$ cat entry.txt   # compact mmCIF, C-alpha atoms
# COMPACT_ATOMS: atom_id res chain seq x y z
CA MET A 29 -6.20 13.02 -2.93
CA ASN A 30 -4.05 9.91 -3.39
CA ARG A 31 -5.08 6.80 -5.29
CA ILE A 32 -3.35 4.60 -2.69
CA ARG A 33 -3.76 5.41 1.01
CA LYS A 34 -2.71 4.02 4.37
CA GLY A 35 -4.87 1.03 5.27
CA ASP A 36 -5.72 0.06 1.67
CA HIS A 37 -5.45 -3.59 0.66
CA VAL A 38 -3.15 -3.74 -2.37
CA VAL A 39 -1.59 -6.31 -4.69
CA VAL A 40 1.98 -6.02 -6.03
CA THR A 41 2.03 -6.00 -9.85
CA THR A 42 5.76 -6.25 -10.68
CA GLY A 43 9.10 -7.34 -9.26
CA LYS A 44 10.18 -10.16 -7.00
CA ASN A 45 7.03 -9.83 -4.88
CA LYS A 46 4.60 -9.95 -7.82
CA GLY A 47 1.18 -11.27 -6.81
CA GLN A 48 1.63 -10.75 -3.07
CA ARG A 49 -1.09 -8.87 -1.22
CA GLY A 50 -1.02 -6.81 1.94
CA ASP A 51 -2.19 -3.67 3.68
CA VAL A 52 -0.44 -0.33 3.19
CA LEU A 53 1.36 0.62 6.41
CA ARG A 54 2.41 4.08 5.26
CA VAL A 55 2.86 6.23 2.16
CA ASP A 56 5.99 8.37 1.75
CA GLY A 57 5.63 10.47 -1.38
CA GLU A 58 5.83 8.01 -4.27
CA ARG A 59 6.79 5.00 -2.14
CA VAL A 60 4.59 2.69 -0.07
CA PHE A 61 5.30 0.21 2.70
CA VAL A 62 3.14 -2.92 2.46
CA SER A 63 2.77 -5.35 5.39
CA ASN A 64 4.74 -8.61 4.98
CA VAL A 65 5.88 -7.69 1.45
CA ASN A 66 9.46 -6.87 0.36
CA LEU A 67 11.00 -7.90 3.68
CA ILE A 68 14.65 -7.01 4.36
CA LYS A 69 17.02 -7.69 7.24
CA ARG A 70 18.85 -4.82 8.89
CA HIS A 71 21.52 -4.81 11.59
CA THR A 72 20.47 -2.24 14.17
CA LYS A 73 22.27 -0.80 17.16
CA PRO A 74 20.51 -0.87 20.52
CA ASN A 75 18.94 2.41 21.61
CA PRO A 76 18.30 2.42 25.37
CA GLN A 77 16.55 5.81 25.25
CA ALA A 78 13.89 4.45 22.89
CA ASN A 79 13.89 1.09 24.71
CA GLN A 80 14.94 -0.62 21.48
CA ALA A 81 17.00 -3.80 21.44
CA GLY A 82 19.78 -4.29 18.90
CA GLY A 83 20.38 -7.19 16.55
CA ILE A 84 19.13 -8.32 13.18
CA VAL A 85 15.67 -6.90 12.51
CA GLU A 86 13.40 -7.98 9.67
CA ARG A 87 11.14 -5.23 8.35
CA GLU A 88 9.37 -4.04 5.23
CA ALA A 89 11.19 -2.03 2.58
CA SER A 90 9.41 0.46 0.37
CA ILE A 91 7.90 -0.26 -3.04
CA HIS A 92 7.24 2.36 -5.70
CA ILE A 93 3.57 3.33 -5.78
CA SER A 94 3.34 2.51 -9.50
CA ASN A 95 4.09 -1.15 -8.73
CA VAL A 96 0.98 -1.72 -6.59
CA MET A 97 -2.73 -1.73 -7.43
CA LEU A 98 -5.74 -1.43 -5.19
CA PHE A 99 -7.29 -4.87 -4.59
CA ASN A 100 -10.97 -5.21 -5.49
CA PRO A 101 -12.60 -8.02 -3.43
CA ALA A 102 -15.59 -8.18 -5.82
CA THR A 103 -13.46 -9.20 -8.80
CA ASN A 104 -10.58 -10.68 -6.75
CA LYS A 105 -8.06 -8.66 -8.81
CA GLY A 106 -6.00 -5.51 -8.61
CA GLU A 107 -7.73 -2.59 -10.31
CA ARG A 108 -7.01 0.96 -11.38
CA VAL A 109 -8.56 3.80 -9.41
CA GLY A 110 -10.29 6.93 -10.67
CA PHE A 111 -12.08 9.82 -9.03
CA LYS A 112 -15.68 10.95 -9.14
CA THR A 113 -17.51 13.89 -7.58
CA LEU A 114 -20.83 12.99 -5.97
CA GLU A 115 -23.98 15.14 -6.04
CA ASP A 116 -23.29 16.42 -2.52
CA GLY A 117 -19.85 17.68 -3.61
CA ARG A 118 -17.70 14.94 -2.08
CA LYS A 119 -14.80 13.61 -4.15
CA VAL A 120 -14.51 9.81 -3.87
CA ARG A 121 -12.30 7.09 -5.31
CA VAL A 122 -13.93 4.62 -7.69
CA TYR A 123 -12.77 1.43 -9.40
CA ALA A 124 -12.08 2.27 -13.05
CA SER A 125 -13.61 -0.95 -14.42
CA SER A 126 -16.95 -0.95 -12.63
CA GLY A 127 -17.32 2.62 -11.34
CA GLU A 128 -18.24 1.46 -7.84
CA VAL A 129 -17.01 3.52 -4.89
CA VAL A 130 -13.96 2.26 -2.99
CA ASP A 131 -14.79 1.38 0.64
CA ALA A 132 -11.98 2.82 2.77
$ encode --input "entry.txt" --output "structure tokens"
Amino acid sequence: MNRIRKGDHVVVTTGKNKGQRGDVLRVDGERVFVSNVNLIKRHTKPNPQANQAGGIVEREASIHISNVMLFNPATNKGERVGFKTLEDGRKVRVYASSGEVVDA
């Protein structure tokens, strides 16, 4: 079970994008892609089979998973995540500071 998952709202903790927030688009091993964070421009060739136009495309680059934290709307900060097993046997993510269950 991962601490950061697709769809989570995260805040970037280090680097040129420090303080920016966004939703996780995908997780590839130890790297995450966050919406509208760490944008790069790439020159792409057109691909008629995939109905894709060529030109300069702006898209998100990956960020290492250690450089993002899960955003807690209750405290309005990024927080560490731990795990807890409930009475019914389910394993859930919890905020380390308060112990409340992560809604996601």
$ closest_residue --input "entry.txt" --among "A:Asn30, A:Thr113, A:Asn79, A:Asn95" --to "Arg49 in chain A" --atoms "only C-alpha atoms"
A:Asn95
$ closest_residue --input "entry.txt" --among "A:Met97, A:Val85, A:Arg70, A:Pro76" --to "Lys46 in chain A" --atoms "all atoms listed in the file"
A:Met97
$ residues_near_point --input "entry.txt" --point "(-9.3, 6.3, -11.1)" --cutoff "12 Å" --atoms "only C-alpha atoms" --output "list in words"
Met29, Asn30, Arg31, Ile32, Met97, Leu98, Glu107, Arg108, Val109, Gly110, Phe111, Lys112, Thr113, Lys119, Val120, Arg121, Val122, Tyr123, Ala124, Ser125, Ser126, Gly127, Glu128, Val129 and Val130 of chain A
$ residues_near_point --input "entry.txt" --point "(23.9, -1.8, 12.4)" --cutoff "10 Å" --atoms "all atoms listed in the file" --output "VMD selection string"
chain A and resid 70 to 74 82 to 85
$ residues_around --input "entry.txt" --residues "Val62 in chain A" --least-positions-apart "6" --cutoff "12 Å" --atoms "all atoms listed in the file" --output "number ranges by chain"
A: 32-40, 45, 48-56, 87-93, 95-98
$ closest_residue --input "entry.txt" --among "A:Phe61, A:Ala81, A:Thr42, A:Ile68" --to "Gly106 in chain A" --atoms "only C-alpha atoms"
A:Thr42
$ build_atoms --input "entry.txt" --residues "range 120-131 of chain A" --atoms "all heavy atoms" --output "compact mmCIF listing (two decimals), keeping the file's coordinate frame"
# COMPACT_ATOMS: atom_id res chain seq x y z
N VAL A 120 -14.75 11.17 -4.34
CA VAL A 120 -14.51 9.81 -3.87
C VAL A 120 -13.69 9.04 -4.89
O VAL A 120 -13.66 9.37 -6.08
CB VAL A 120 -15.83 9.06 -3.59
CG1 VAL A 120 -16.57 9.67 -2.43
CG2 VAL A 120 -16.69 9.01 -4.83
N ARG A 121 -13.02 7.99 -4.41
CA ARG A 121 -12.30 7.09 -5.31
C ARG A 121 -13.25 6.02 -5.82
O ARG A 121 -14.08 5.51 -5.07
CB ARG A 121 -11.15 6.42 -4.57
CG ARG A 121 -10.10 7.38 -4.08
CD ARG A 121 -8.95 6.67 -3.41
NE ARG A 121 -9.39 5.93 -2.23
CZ ARG A 121 -8.67 5.01 -1.61
NH1 ARG A 121 -7.48 4.70 -2.04
NH2 ARG A 121 -9.13 4.40 -0.54
N VAL A 122 -13.10 5.66 -7.09
CA VAL A 122 -13.93 4.62 -7.69
C VAL A 122 -13.04 3.66 -8.46
O VAL A 122 -11.96 4.04 -8.94
CB VAL A 122 -15.01 5.20 -8.63
CG1 VAL A 122 -16.01 6.03 -7.87
CG2 VAL A 122 -14.39 6.00 -9.75
N TYR A 123 -13.47 2.39 -8.57
CA TYR A 123 -12.77 1.43 -9.40
C TYR A 123 -13.02 1.79 -10.85
O TYR A 123 -14.15 2.03 -11.27
CB TYR A 123 -13.24 0.01 -9.12
CG TYR A 123 -12.85 -0.49 -7.76
CD1 TYR A 123 -13.80 -0.74 -6.77
CD2 TYR A 123 -11.52 -0.73 -7.44
CE1 TYR A 123 -13.44 -1.21 -5.53
CE2 TYR A 123 -11.14 -1.19 -6.19
CZ TYR A 123 -12.11 -1.43 -5.24
OH TYR A 123 -11.74 -1.88 -4.00
N ALA A 124 -11.97 1.82 -11.67
CA ALA A 124 -12.08 2.27 -13.05
C ALA A 124 -12.92 1.32 -13.89
O ALA A 124 -13.64 1.75 -14.80
CB ALA A 124 -10.69 2.40 -13.67
N SER A 125 -12.89 0.02 -13.60
CA SER A 125 -13.61 -0.95 -14.42
C SER A 125 -15.11 -0.91 -14.20
O SER A 125 -15.89 -0.91 -15.14
CB SER A 125 -13.09 -2.35 -14.15
OG SER A 125 -13.32 -2.70 -12.79
N SER A 126 -15.52 -0.85 -12.94
CA SER A 126 -16.95 -0.95 -12.63
C SER A 126 -17.59 0.39 -12.26
O SER A 126 -18.79 0.55 -12.34
CB SER A 126 -17.17 -1.93 -11.48
OG SER A 126 -16.51 -1.48 -10.31
N GLY A 127 -16.78 1.33 -11.78
CA GLY A 127 -17.32 2.62 -11.34
C GLY A 127 -17.87 2.62 -9.94
O GLY A 127 -18.40 3.62 -9.48
N GLU A 128 -17.73 1.50 -9.22
CA GLU A 128 -18.24 1.46 -7.84
C GLU A 128 -17.27 2.16 -6.91
O GLU A 128 -16.06 2.17 -7.13
CB GLU A 128 -18.52 0.03 -7.40
CG GLU A 128 -17.30 -0.85 -7.28
CD GLU A 128 -17.64 -2.28 -6.92
OE1 GLU A 128 -18.18 -2.99 -7.78
OE2 GLU A 128 -17.36 -2.66 -5.78
N VAL A 129 -17.80 2.73 -5.83
CA VAL A 129 -17.01 3.52 -4.89
C VAL A 129 -16.14 2.60 -4.04
O VAL A 129 -16.58 1.53 -3.60
CB VAL A 129 -17.94 4.36 -3.98
CG1 VAL A 129 -17.15 5.12 -2.94
CG2 VAL A 129 -18.78 5.31 -4.83
N VAL A 130 -14.90 3.02 -3.82
CA VAL A 130 -13.96 2.26 -2.99
C VAL A 130 -14.34 2.43 -1.53
O VAL A 130 -14.53 3.56 -1.05
CB VAL A 130 -12.52 2.77 -3.22
CG1 VAL A 130 -11.55 2.07 -2.27
CG2 VAL A 130 -12.12 2.56 -4.65
N ASP A 131 -14.46 1.34 -0.78
CA ASP A 131 -14.79 1.38 0.64
C ASP A 131 -13.50 1.50 1.44
O ASP A 131 -12.80 0.52 1.60
CB ASP A 131 -15.52 0.12 1.08
CG ASP A 131 -16.77 -0.12 0.26
OD1 ASP A 131 -17.37 0.85 -0.20
OD2 ASP A 131 -17.11 -1.31 0.06
